[in-house]
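See below for the structure under consideration.
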Amino acid sequence: MKDVIFDLIDSEKKRQSEGLELIPSENCVSAEVLKAMGSILTNKYSEGYPHFDGIPGWSEDKIAKEVLPNYRYYGGQTNIDRIERIAIDRACRLFHADHANVQPHSGAQANNAVYYAWLEPGDTVLGMSLPAGGHLTHGAPVTLSAHIYNFVGYGVTEEGDIDYDDFEEKALECDPKIMLVGYSAFMKIPDFDRVAKIRKAAEKKFGHEILLMADMAHVAGLIAGGVHPNPLDHGFDVMTTTTHKTLRGPRGGVILSKGNVASPLKKPEKKLENIPILIDRAVFPGTQGGPLEHVIAAKAVAFGEDLKPEFKEYAKNIVENAKTLAEELKKLGFVLMGGGTENHLILANMVASFGFDGKIYERALDMVGLTLNANAIASDKGGAFRPSGVRLGTPAITTRGLGKKEMIILAGWMKKVADICKKAETEENLEKYSKELEEIHKEVKELALRFPVPAI
Ligand code: DSN
């Protein structure tokens with residue numbers, strides 16, 4: 001008998017096909033990425049790392065005897081090693097990195113490995129605070145890393161940009177070991193050069209090296225596509241990212257770094273120049289066991305797609321769509337944080353726009369097949385469960401081929417749903433407007449089916 005799980009997968013295929021995905025951290029993978037991810041590579045254990053290309057000053061013979069047998073803890077790695085090596089090489093080419101660790105199971109795992117590579121318990125990390133748009137793993141008190149390390153949060157300005165004065169003041173006060181630029185709800189392009197200058201001043205004051213880390217999980221695809229600056233080109237040592245957002249790969253993480261690339265078998269001195277090796281040791285055996293080689297193969301396929309010229313066009317279109325959608329929403333009375341967007345992401349303050357919160361709007365949009373998420377805005381009073389805003393973005397709909405014309409239609413639907421929420425006032429009352437919502441749903445479905453989800 002067919003397992004019910006497959007019925008539910010079919011049902012999810014229908015939901016994705018008939019609706020439009022506006023969650024800015026989601027995307028639709030290609031058939032090739034899906035095929036690699038669903039392959040028999042999932043059968044294989046391969047703790048360790050693929051064979052190394054060479055170690056300066058070591059003979060081939062010495063490497064063969066002393067290093068290679070120790071690189072993996074299981075036999076049968078002929079194909080796995082080649083796959084992982086290709087994933088690493090492609091990731092390095094995409095982001096101008098000296099080294100890539102492609103094994104993190106997620107962005108959170110990637111961040112935790114970087115912390116473990118560089119910090120001692122109690123050390124300080126300066127990162128964007130959660131209410132300002134930072135990520136849970138940048139110091140939210142509920143996380144494991146917040147129990148181990150000391151996180152100091154910087155904020156954003158009224159205009160929605162990083163408050164660089166606050167950043168600088170805190171950097172020169174809190175003696176950070178890591179300075180972190182990264183976020184999951186931020187619409188501006190960071191001034192990486194300014195942060196690199198602040199790092200130098202803080203290093204001078206405190207007399208030790210400070211790791212410059214960028215968590216680019218949201219915008220990595222824009223960086224790869226050349227429409228967003230690359231922190232590794234602007235003095236940053238490490239960049240972490242997930243692989244499933246704008247990069248359009250399988251769910252997972254990767255850590256890119258600058259520095260000496262050498263054998264992870266010997267623990268090097270804790271210096272910035274050794275960060276690639278420290279990171280390899282921190283991922284395995286530091287914080288993870290067996291790598292997911294079927295996912296690593298899918299990462300390699302996605303990185304191959306991201307290196308193609310078409311991906312540059314895709315990245316450009318993501319940003320153009322987001323800007324068009326933001327402008328249309330503003331014309332219709334939506335108050336947008338930061339006044340709009342410079343990337344793929346839009347944060348609308350629903351309380352300031354129409355007097356209701358993000359949760360009722362998320363629910364009503366779900367009813368018409370438009371999916372986004374309620375999201376706190378800086379200095380939000382509504383808490384995590386009744387945030388004032390909604391966060392939306394264009395990576396998935398751009399993959400499906402929607403363009404300027406459809407952004408204008410989409411903004412119109414969003415306004416109609418906002419008008420219904422205003423009348424309904426509560427989520428329970430939305431049912432009273434089910435006929436009006438169903439009319440919009442029909443239109444959404446008709447348009448969505450004209451732009452098929454790849455690989456479905
Ligand atoms: N959950 C991701 C996002 O939606 O931004 C961050 O981890």
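Following the order of the structure tokens, first chain is A, next is B, and so on, with residues numbered from 1 inside each chain and ligands from 1 in the order they appear.
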Counting only C-alpha atoms and all ligand atoms, which residues of chain A sit at most 8 Å from some atom of ligand 1, and what is each one's closest atom pair with its distance in Å to one decimal, listed by chain and rising residue number, as CSV?
```
residue,atom,partner,partner_atom_place_in_ligand_line,distance
A:Ile23,CA,ligand 1,4 (O),7.1
A:Pro24,CA,ligand 1,4 (O),6.8
A:Ser25,CA,ligand 1,4 (O),4.7
A:Glu26,CA,ligand 1,4 (O),7.5
A:Gly107,CA,ligand 1,7 (O),6.8
A:Ala108,CA,ligand 1,7 (O),7.2
A:His135,CA,ligand 1,6 (C),6.5
A:Leu136,CA,ligand 1,7 (O),7.5
A:Tyr183,CA,ligand 1,5 (O),7.9
A:Ser184,CA,ligand 1,5 (O),4.4
A:Ala185,CA,ligand 1,5 (O),7.0
A:Ala217,CA,ligand 1,6 (C),7.5
A:His218,CA,ligand 1,5 (O),6.8
```
Emit the selected residues as a short mmCIF file (atom, residue, chain, number, x, y, z; two decimals), in the first residue's frame, including N, CA, C and O atoms.
```
data_model
loop_
_atom_site.label_atom_id
_atom_site.label_comp_id
_atom_site.auth_asym_id
_atom_site.auth_seq_id
_atom_site.Cartn_x
_atom_site.Cartn_y
_atom_site.Cartn_z
N ILE A 23 7.89 33.83 0.61
CA ILE A 23 8.84 33.80 1.74
C ILE A 23 10.24 34.01 1.15
O ILE A 23 10.65 33.26 0.26
N PRO A 24 10.95 35.07 1.62
CA PRO A 24 12.19 35.45 0.91
C PRO A 24 13.33 34.45 1.07
O PRO A 24 14.33 34.54 0.37
N SER A 25 13.17 33.50 1.99
CA SER A 25 14.23 32.51 2.22
C SER A 25 13.94 31.19 1.50
O SER A 25 14.63 30.21 1.72
N GLU A 26 12.90 31.18 0.66
CA GLU A 26 12.58 29.93 -0.05
C GLU A 26 12.79 30.11 -1.55
O GLU A 26 12.85 31.22 -2.06
N GLY A 107 22.56 26.46 7.88
CA GLY A 107 23.22 27.73 8.17
C GLY A 107 23.55 27.86 9.65
O GLY A 107 24.60 28.38 10.02
N ALA A 108 22.66 27.36 10.49
CA ALA A 108 22.90 27.42 11.94
C ALA A 108 24.14 26.60 12.31
O ALA A 108 24.98 27.04 13.10
N HIS A 135 19.81 37.23 13.06
CA HIS A 135 19.30 35.86 13.06
C HIS A 135 19.40 35.26 14.46
O HIS A 135 20.22 35.70 15.27
N LEU A 136 18.59 34.24 14.71
CA LEU A 136 18.61 33.53 16.00
C LEU A 136 20.03 33.16 16.42
O LEU A 136 20.40 33.30 17.57
N TYR A 183 22.06 38.81 8.70
CA TYR A 183 20.68 39.16 9.05
C TYR A 183 19.71 38.24 8.34
O TYR A 183 20.08 37.53 7.40
N SER A 184 18.45 38.28 8.79
CA SER A 184 17.42 37.57 8.03
C SER A 184 16.25 38.49 7.69
O SER A 184 15.27 38.05 7.11
N ALA A 185 16.35 39.76 8.08
CA ALA A 185 15.31 40.72 7.68
C ALA A 185 15.96 42.10 7.56
O ALA A 185 15.86 42.94 8.45
N ALA A 217 23.39 34.37 4.34
CA ALA A 217 22.43 33.32 3.97
C ALA A 217 21.37 33.85 3.02
O ALA A 217 20.99 33.16 2.07
N HIS A 218 20.89 35.08 3.25
CA HIS A 218 19.82 35.58 2.40
C HIS A 218 20.30 36.02 1.03
O HIS A 218 19.62 35.79 0.03
#
```
- Which is closest to A:Glu173 among A:Lys13, A:Arg400, A:Arg194, A:Lys205, if we use only C-alpha atoms?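 Closest to A:Glu173 of all the choices is A:Lys205.
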- Can you list every residue in stretch 281-365 of chain A that DSSP puts in strand (DSSP E or B), as a VMD selection string? chain A and resid 335 to 336 345 to 349
Could you dump the residues just selected with C-alpha atoms as a short mmCIF file (atom, residue, chain, number, x, y, z; two decimals), in the first residue's frame?
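The resulting file, result_2.cif, is reproduced below:
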```cif
data_model
loop_
_atom_site.label_atom_id
_atom_site.label_comp_id
_atom_site.auth_asym_id
_atom_site.auth_seq_id
_atom_site.Cartn_x
_atom_site.Cartn_y
_atom_site.Cartn_z
CA VAL A 335 4.63 51.42 4.85
CA LEU A 336 7.91 49.66 4.07
CA LEU A 345 13.50 41.26 0.61
CA ILE A 346 10.69 43.59 1.69
CA LEU A 347 9.56 44.23 5.24
CA ALA A 348 6.15 45.92 5.54
CA ASN A 349 4.86 47.45 8.77
#
```
Give me the stretch 210-237 of chain A side of the contact with stretch 292-315 of chain A, cut-off 7 Å, one line per residue showing its nearest atom pair and distance in Å at one decimal, counting only C-alpha atoms, sorted by chain and residue number, as a Markdown table.
```
| residue | atom | partner | partner_atom | distance |
| --- | --- | --- | --- | --- |
| A:Gly221 | CA | A:Ala315 | CA | 6.7 |
| A:Leu222 | CA | A:Ala315 | CA | 5.3 |
| A:Ala224 | CA | A:Asp306 | CA | 6.7 |
| A:Gly225 | CA | A:Lys312 | CA | 4.2 |
| A:Gly226 | CA | A:Lys312 | CA | 6.4 |
| A:Val227 | CA | A:Ala315 | CA | 6.6 |
```
- Task: From the DSSP assignment of the backbone, select every residue of stretch 51-264 of chain A that is alpha helix (DSSP H), and format the answer as a VMD selection string.
- Result: chain A and resid 60 to 62 68 to 71 78 to 95 107 to 118 144 to 148 164 to 171 192 to 206 220 to 224
Please, could you write that set of residues out with C-alpha atoms as a PDB file, in the first residue's frame?
```pdb
ATOM      1  CA  GLU A  60      53.585  12.847  -2.679  1.00  0.00           C
ATOM      2  CA  ASP A  61      54.872   9.749  -0.927  1.00  0.00           C
ATOM      3  CA  LYS A  62      54.715  11.286   2.544  1.00  0.00           C
ATOM      4  CA  LEU A  68      45.452  10.152   2.831  1.00  0.00           C
ATOM      5  CA  PRO A  69      44.495   7.093   4.861  1.00  0.00           C
ATOM      6  CA  ASN A  70      43.516   9.390   7.714  1.00  0.00           C
ATOM      7  CA  TYR A  71      41.322  11.758   5.757  1.00  0.00           C
ATOM      8  CA  THR A  78      36.444   7.061  -4.633  1.00  0.00           C
ATOM      9  CA  ASN A  79      33.337   8.787  -5.968  1.00  0.00           C
ATOM     10  CA  ILE A  80      32.385  10.672  -2.818  1.00  0.00           C
ATOM     11  CA  ASP A  81      35.802  12.357  -2.668  1.00  0.00           C
ATOM     12  CA  ARG A  82      35.499  13.555  -6.244  1.00  0.00           C
ATOM     13  CA  ILE A  83      31.980  14.870  -5.691  1.00  0.00           C
ATOM     14  CA  GLU A  84      32.915  16.769  -2.536  1.00  0.00           C
ATOM     15  CA  ARG A  85      36.055  18.144  -4.181  1.00  0.00           C
ATOM     16  CA  ILE A  86      33.978  19.488  -7.093  1.00  0.00           C
ATOM     17  CA  ALA A  87      31.518  21.091  -4.642  1.00  0.00           C
ATOM     18  CA  ILE A  88      34.432  22.778  -2.830  1.00  0.00           C
ATOM     19  CA  ASP A  89      36.071  24.021  -6.046  1.00  0.00           C
ATOM     20  CA  ARG A  90      32.808  25.439  -7.407  1.00  0.00           C
ATOM     21  CA  ALA A  91      31.973  27.164  -4.116  1.00  0.00           C
ATOM     22  CA  CYS A  92      35.456  28.764  -4.013  1.00  0.00           C
ATOM     23  CA  ARG A  93      35.053  30.006  -7.579  1.00  0.00           C
ATOM     24  CA  LEU A  94      31.604  31.450  -6.908  1.00  0.00           C
ATOM     25  CA  PHE A  95      32.714  33.477  -3.892  1.00  0.00           C
ATOM     26  CA  GLY A 107      23.220  27.731   8.165  1.00  0.00           C
ATOM     27  CA  ALA A 108      22.898  27.425  11.945  1.00  0.00           C
ATOM     28  CA  GLN A 109      25.449  24.569  11.946  1.00  0.00           C
ATOM     29  CA  ALA A 110      27.766  26.672   9.787  1.00  0.00           C
ATOM     30  CA  ASN A 111      27.594  29.610  12.211  1.00  0.00           C
ATOM     31  CA  ASN A 112      28.122  27.416  15.251  1.00  0.00           C
ATOM     32  CA  ALA A 113      31.182  25.817  13.647  1.00  0.00           C
ATOM     33  CA  VAL A 114      32.739  29.236  12.994  1.00  0.00           C
ATOM     34  CA  TYR A 115      32.146  30.243  16.619  1.00  0.00           C
ATOM     35  CA  TYR A 116      33.668  26.978  17.816  1.00  0.00           C
ATOM     36  CA  ALA A 117      36.660  27.399  15.475  1.00  0.00           C
ATOM     37  CA  TRP A 118      37.608  30.829  16.748  1.00  0.00           C
ATOM     38  CA  LEU A 144      23.088  27.071  22.669  1.00  0.00           C
ATOM     39  CA  SER A 145      25.721  29.516  21.409  1.00  0.00           C
ATOM     40  CA  ALA A 146      24.264  32.273  23.596  1.00  0.00           C
ATOM     41  CA  HIS A 147      24.872  30.008  26.618  1.00  0.00           C
ATOM     42  CA  ILE A 148      28.508  29.542  25.646  1.00  0.00           C
ATOM     43  CA  TYR A 164      27.405  52.086  12.073  1.00  0.00           C
ATOM     44  CA  ASP A 165      27.982  54.591  14.893  1.00  0.00           C
ATOM     45  CA  ASP A 166      26.393  52.163  17.355  1.00  0.00           C
ATOM     46  CA  PHE A 167      28.440  49.361  15.769  1.00  0.00           C
ATOM     47  CA  GLU A 168      31.697  51.290  16.168  1.00  0.00           C
ATOM     48  CA  GLU A 169      30.970  52.408  19.705  1.00  0.00           C
ATOM     49  CA  LYS A 170      30.174  48.837  20.795  1.00  0.00           C
ATOM     50  CA  ALA A 171      33.149  47.374  18.891  1.00  0.00           C
ATOM     51  CA  PHE A 192      31.638  46.086   4.355  1.00  0.00           C
ATOM     52  CA  ASP A 193      34.597  48.476   3.977  1.00  0.00           C
ATOM     53  CA  ARG A 194      33.396  50.566   6.900  1.00  0.00           C
ATOM     54  CA  VAL A 195      33.106  47.464   9.088  1.00  0.00           C
ATOM     55  CA  ALA A 196      36.607  46.353   8.023  1.00  0.00           C
ATOM     56  CA  LYS A 197      37.955  49.760   9.143  1.00  0.00           C
ATOM     57  CA  ILE A 198      36.193  49.435  12.507  1.00  0.00           C
ATOM     58  CA  ARG A 199      37.807  45.996  12.890  1.00  0.00           C
ATOM     59  CA  LYS A 200      41.278  47.527  12.421  1.00  0.00           C
ATOM     60  CA  ALA A 201      40.565  50.200  15.056  1.00  0.00           C
ATOM     61  CA  ALA A 202      39.272  47.585  17.533  1.00  0.00           C
ATOM     62  CA  GLU A 203      42.264  45.298  16.897  1.00  0.00           C
ATOM     63  CA  LYS A 204      44.592  48.211  17.624  1.00  0.00           C
ATOM     64  CA  LYS A 205      42.754  49.054  20.828  1.00  0.00           C
ATOM     65  CA  PHE A 206      42.512  45.497  22.211  1.00  0.00           C
ATOM     66  CA  ALA A 220      24.478  34.705  -1.257  1.00  0.00           C
ATOM     67  CA  GLY A 221      22.756  34.155  -4.608  1.00  0.00           C
ATOM     68  CA  LEU A 222      22.838  37.888  -5.285  1.00  0.00           C
ATOM     69  CA  ILE A 223      26.571  37.878  -4.495  1.00  0.00           C
ATOM     70  CA  ALA A 224      27.131  34.872  -6.758  1.00  0.00           C
TER      71      ALA A 224
END
```
I'd like the contact shell of A:Pro268 - 12 Å cut-off, only C-alpha atoms, skipping same-chain residues fewer than 2 positions apart - returned as a CSV table (one decimal) with all heavy atoms, in the first residue's frame.
```csv
chain,number,residue,atom,x,y,z
A,117,ALA,N,35.3,27.3,16.0
A,117,ALA,CA,36.7,27.4,15.5
A,117,ALA,C,37.5,28.5,16.1
A,117,ALA,O,38.7,28.4,16.3
A,117,ALA,CB,36.6,27.6,14.0
A,118,TRP,N,36.8,29.6,16.4
A,118,TRP,CA,37.6,30.8,16.7
A,118,TRP,C,37.5,31.3,18.2
A,118,TRP,O,38.4,31.9,18.7
A,118,TRP,CB,37.2,32.0,15.8
A,118,TRP,CG,38.0,33.2,15.9
A,118,TRP,CD1,37.6,34.4,16.4
A,118,TRP,CD2,39.4,33.4,15.6
A,118,TRP,NE1,38.6,35.3,16.3
A,118,TRP,CE2,39.7,34.7,15.8
A,118,TRP,CE3,40.3,32.5,15.1
A,118,TRP,CZ2,41.0,35.2,15.6
A,118,TRP,CZ3,41.6,33.0,14.8
A,118,TRP,CH2,42.0,34.3,15.1
A,260,ASN,N,45.2,30.2,4.8
A,260,ASN,CA,46.0,29.1,4.4
A,260,ASN,C,45.1,27.8,4.3
A,260,ASN,O,44.4,27.5,5.2
A,260,ASN,CB,47.1,28.8,5.4
A,260,ASN,CG,48.1,29.9,5.5
A,260,ASN,OD1,48.3,30.6,4.4
A,260,ASN,ND2,48.7,30.2,6.6
A,261,VAL,N,45.3,27.1,3.2
A,261,VAL,CA,44.5,25.9,3.1
A,261,VAL,C,45.5,24.7,3.3
A,261,VAL,O,46.5,24.6,2.5
A,261,VAL,CB,43.9,25.8,1.7
A,261,VAL,CG1,43.0,24.5,1.6
A,261,VAL,CG2,43.0,27.0,1.4
A,262,ALA,N,45.4,24.0,4.3
A,262,ALA,CA,46.3,22.9,4.6
A,262,ALA,C,45.6,21.7,5.3
A,262,ALA,O,44.4,21.8,5.5
A,262,ALA,CB,47.5,23.4,5.4
A,263,SER,N,46.3,20.7,5.6
A,263,SER,CA,45.7,19.5,6.2
A,263,SER,C,45.0,19.9,7.5
A,263,SER,O,45.6,20.5,8.4
A,263,SER,CB,46.8,18.5,6.5
A,263,SER,OG,46.3,17.6,7.4
A,264,PRO,N,43.8,19.4,7.7
A,264,PRO,CA,43.1,19.6,9.0
A,264,PRO,C,43.5,18.6,10.1
A,264,PRO,O,43.0,18.6,11.2
A,264,PRO,CB,41.6,19.5,8.7
A,264,PRO,CG,41.6,18.6,7.5
A,264,PRO,CD,42.9,18.7,6.8
A,265,LEU,N,44.5,17.7,9.7
A,265,LEU,CA,44.8,16.7,10.7
A,265,LEU,C,45.6,17.2,11.9
A,265,LEU,O,45.6,16.7,13.0
A,265,LEU,CB,45.6,15.6,10.0
A,265,LEU,CG,44.8,14.8,8.9
A,265,LEU,CD1,45.7,13.8,8.2
A,265,LEU,CD2,43.6,14.1,9.5
A,266,LYS,N,46.4,18.3,11.7
A,266,LYS,CA,47.1,18.8,12.8
A,266,LYS,C,46.5,20.2,13.2
A,266,LYS,O,46.2,21.0,12.3
A,266,LYS,CB,48.6,19.1,12.3
A,266,LYS,CG,49.5,18.0,12.5
A,266,LYS,CD,50.9,18.5,12.5
A,266,LYS,CE,51.9,17.3,12.4
A,266,LYS,NZ,52.8,17.4,11.3
A,270,LYS,N,45.9,29.3,16.6
A,270,LYS,CA,44.7,30.1,16.4
A,270,LYS,C,45.0,31.5,15.9
A,270,LYS,O,45.2,32.4,16.7
A,270,LYS,CB,43.9,30.2,17.7
A,270,LYS,CG,42.4,29.9,17.6
A,270,LYS,CD,41.7,30.0,18.8
A,270,LYS,CE,40.6,29.0,18.9
A,270,LYS,NZ,39.7,29.1,20.0
A,271,LYS,N,45.2,31.5,14.6
A,271,LYS,CA,45.5,32.8,13.9
A,271,LYS,C,44.6,32.9,12.7
A,271,LYS,O,44.2,31.9,12.1
A,271,LYS,CB,47.0,32.8,13.4
A,271,LYS,CG,48.0,32.9,14.5
A,271,LYS,CD,49.4,32.7,13.8
A,271,LYS,CE,50.3,33.8,14.3
A,271,LYS,NZ,51.6,33.7,13.5
A,272,LEU,N,44.3,34.2,12.4
A,272,LEU,CA,43.3,34.3,11.3
A,272,LEU,C,43.8,33.7,10.0
A,272,LEU,O,43.0,33.1,9.2
A,272,LEU,CB,43.1,35.8,11.0
A,272,LEU,CG,42.2,36.6,11.9
A,272,LEU,CD1,42.0,38.0,11.5
A,272,LEU,CD2,40.8,35.9,12.0
A,273,GLU,N,45.1,33.6,9.8
A,273,GLU,CA,45.6,33.0,8.5
A,273,GLU,C,45.3,31.5,8.5
A,273,GLU,O,45.3,30.9,7.4
A,273,GLU,CB,47.1,33.3,8.3
A,273,GLU,CG,48.0,32.6,9.4
A,273,GLU,CD,49.4,33.1,9.4
A,273,GLU,OE1,49.7,34.2,9.0
A,273,GLU,OE2,50.3,32.2,9.7
A,274,ASN,N,45.1,30.9,9.6
A,274,ASN,CA,44.8,29.5,9.7
A,274,ASN,C,43.3,29.2,9.7
A,274,ASN,O,42.9,28.0,10.0
A,274,ASN,CB,45.5,28.8,10.9
A,274,ASN,CG,47.0,28.9,10.8
A,274,ASN,OD1,47.5,28.9,9.7
A,274,ASN,ND2,47.6,29.1,11.9
A,275,ILE,N,42.4,30.1,9.5
A,275,ILE,CA,41.0,29.9,9.8
A,275,ILE,C,40.4,28.8,8.9
A,275,ILE,O,39.6,28.1,9.4
A,275,ILE,CB,40.2,31.3,9.7
A,275,ILE,CG1,38.9,31.2,10.4
A,275,ILE,CG2,40.0,31.8,8.3
A,275,ILE,CD1,38.9,31.0,11.8
A,276,PRO,N,40.8,28.6,7.6
A,276,PRO,CA,40.2,27.5,6.9
A,276,PRO,C,40.4,26.1,7.6
A,276,PRO,O,39.5,25.3,7.6
A,276,PRO,CB,41.0,27.5,5.5
A,276,PRO,CG,41.4,28.9,5.4
A,276,PRO,CD,41.8,29.4,6.8
A,277,ILE,N,41.6,25.9,8.1
A,277,ILE,CA,41.9,24.6,8.8
A,277,ILE,C,41.1,24.5,10.1
A,277,ILE,O,40.5,23.5,10.5
A,277,ILE,CB,43.4,24.4,9.1
A,277,ILE,CG1,44.2,24.9,7.9
A,277,ILE,CG2,43.7,23.0,9.4
A,277,ILE,CD1,45.6,25.3,8.2
A,278,LEU,N,41.1,25.7,10.8
A,278,LEU,CA,40.4,25.7,12.1
A,278,LEU,C,38.9,25.4,11.9
A,278,LEU,O,38.2,24.7,12.7
A,278,LEU,CB,40.5,27.0,12.8
A,278,LEU,CG,41.9,27.3,13.3
A,278,LEU,CD1,42.1,28.8,13.7
A,278,LEU,CD2,42.3,26.5,14.5
A,279,ILE,N,38.4,25.9,10.8
A,279,ILE,CA,36.9,25.7,10.4
A,279,ILE,C,36.7,24.2,10.1
A,279,ILE,O,35.7,23.6,10.5
A,279,ILE,CB,36.5,26.6,9.3
A,279,ILE,CG1,36.3,28.0,9.9
A,279,ILE,CG2,35.2,26.1,8.7
A,279,ILE,CD1,36.1,29.1,8.9
A,280,ASP,N,37.6,23.6,9.3
A,280,ASP,CA,37.4,22.2,8.9
A,280,ASP,C,37.4,21.3,10.2
A,280,ASP,O,36.5,20.5,10.3
A,280,ASP,CB,38.6,21.7,8.0
A,280,ASP,CG,38.3,22.0,6.5
A,280,ASP,OD1,37.2,22.4,6.2
A,280,ASP,OD2,39.2,21.8,5.7
A,281,ARG,N,38.3,21.6,11.1
A,281,ARG,CA,38.3,20.8,12.4
A,281,ARG,C,37.0,21.1,13.2
A,281,ARG,O,36.6,20.2,14.0
A,281,ARG,CB,39.5,21.2,13.2
A,281,ARG,CG,40.8,20.7,12.5
A,281,ARG,CD,42.0,21.2,13.2
A,281,ARG,NE,42.1,20.7,14.6
A,281,ARG,CZ,42.7,19.6,15.0
A,281,ARG,NH1,43.4,18.9,14.1
A,281,ARG,NH2,42.7,19.2,16.2
```
- Message: When you look at stretch 386-391 of chain A with a cut-off of 9 Å (counting only C-alpha atoms), what residues show up, excluding the ones that are within fewer than 3 positions of it in the same chain? I need them as an NGL selection string.
- Response: :A and (22-24 or 185 or 345-352 or 356-362 or 372-377 or 380-383)
- Task: Might you pull out every residue within 10 Å of A:Thr394, with only C-alpha atoms counted and same-chain residues fewer than 4 positions away left off, and present them as a VMD selection string?
- Result: chain A and resid 20 to 27 246 317 to 323 325 343 to 346 398 to 399 402 to 403 407
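Between atom CA of A:Phe186 and atom CA of A:Ala326 the interatomic distance comes to 13.9 Å.
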Do you have, as JSON lines, the list of residues of stretch 192-311 of chain A lying at most 6 Å from stretch 98-101 of chain A, each with its nearest atom pair and that distance in Å to one decimal, counting only C-alpha atoms and ordered by chain then number?
```
{"residue": "A:Val254", "atom": "CA", "partner": "A:Asn101", "partner_atom": "CA", "distance": 5.7}
{"residue": "A:Ile255", "atom": "CA", "partner": "A:Asn101", "partner_atom": "CA", "distance": 5.1}
{"residue": "A:Leu256", "atom": "CA", "partner": "A:Ala100", "partner_atom": "CA", "distance": 4.5}
{"residue": "A:Ser257", "atom": "CA", "partner": "A:His99", "partner_atom": "CA", "distance": 5.3}
{"residue": "A:Lys258", "atom": "CA", "partner": "A:Asp98", "partner_atom": "CA", "distance": 4.9}
```
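With only C-alpha atoms taken into account, the protein and nucleic acid residues at most 6 Å from A:Met179 (excluding it and anything under 4 positions from it in its own chain) are Val125, Leu126 and Leu212 of chain A.
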Convert the current residue selection to file output with N, CA and C atoms, as a PDB file, in the first residue's frame.
```
ATOM      1  N   VAL A 125      30.945  38.178  20.839  1.00  0.00           N
ATOM      2  CA  VAL A 125      30.620  38.341  19.413  1.00  0.00           C
ATOM      3  C   VAL A 125      29.746  39.576  19.287  1.00  0.00           C
ATOM      4  N   LEU A 126      30.113  40.467  18.379  1.00  0.00           N
ATOM      5  CA  LEU A 126      29.271  41.643  18.111  1.00  0.00           C
ATOM      6  C   LEU A 126      28.466  41.356  16.843  1.00  0.00           C
ATOM      7  N   LEU A 212      36.460  38.747  11.141  1.00  0.00           N
ATOM      8  CA  LEU A 212      35.336  39.416  10.460  1.00  0.00           C
ATOM      9  C   LEU A 212      34.518  38.357   9.748  1.00  0.00           C
TER      10      LEU A 212
END
```
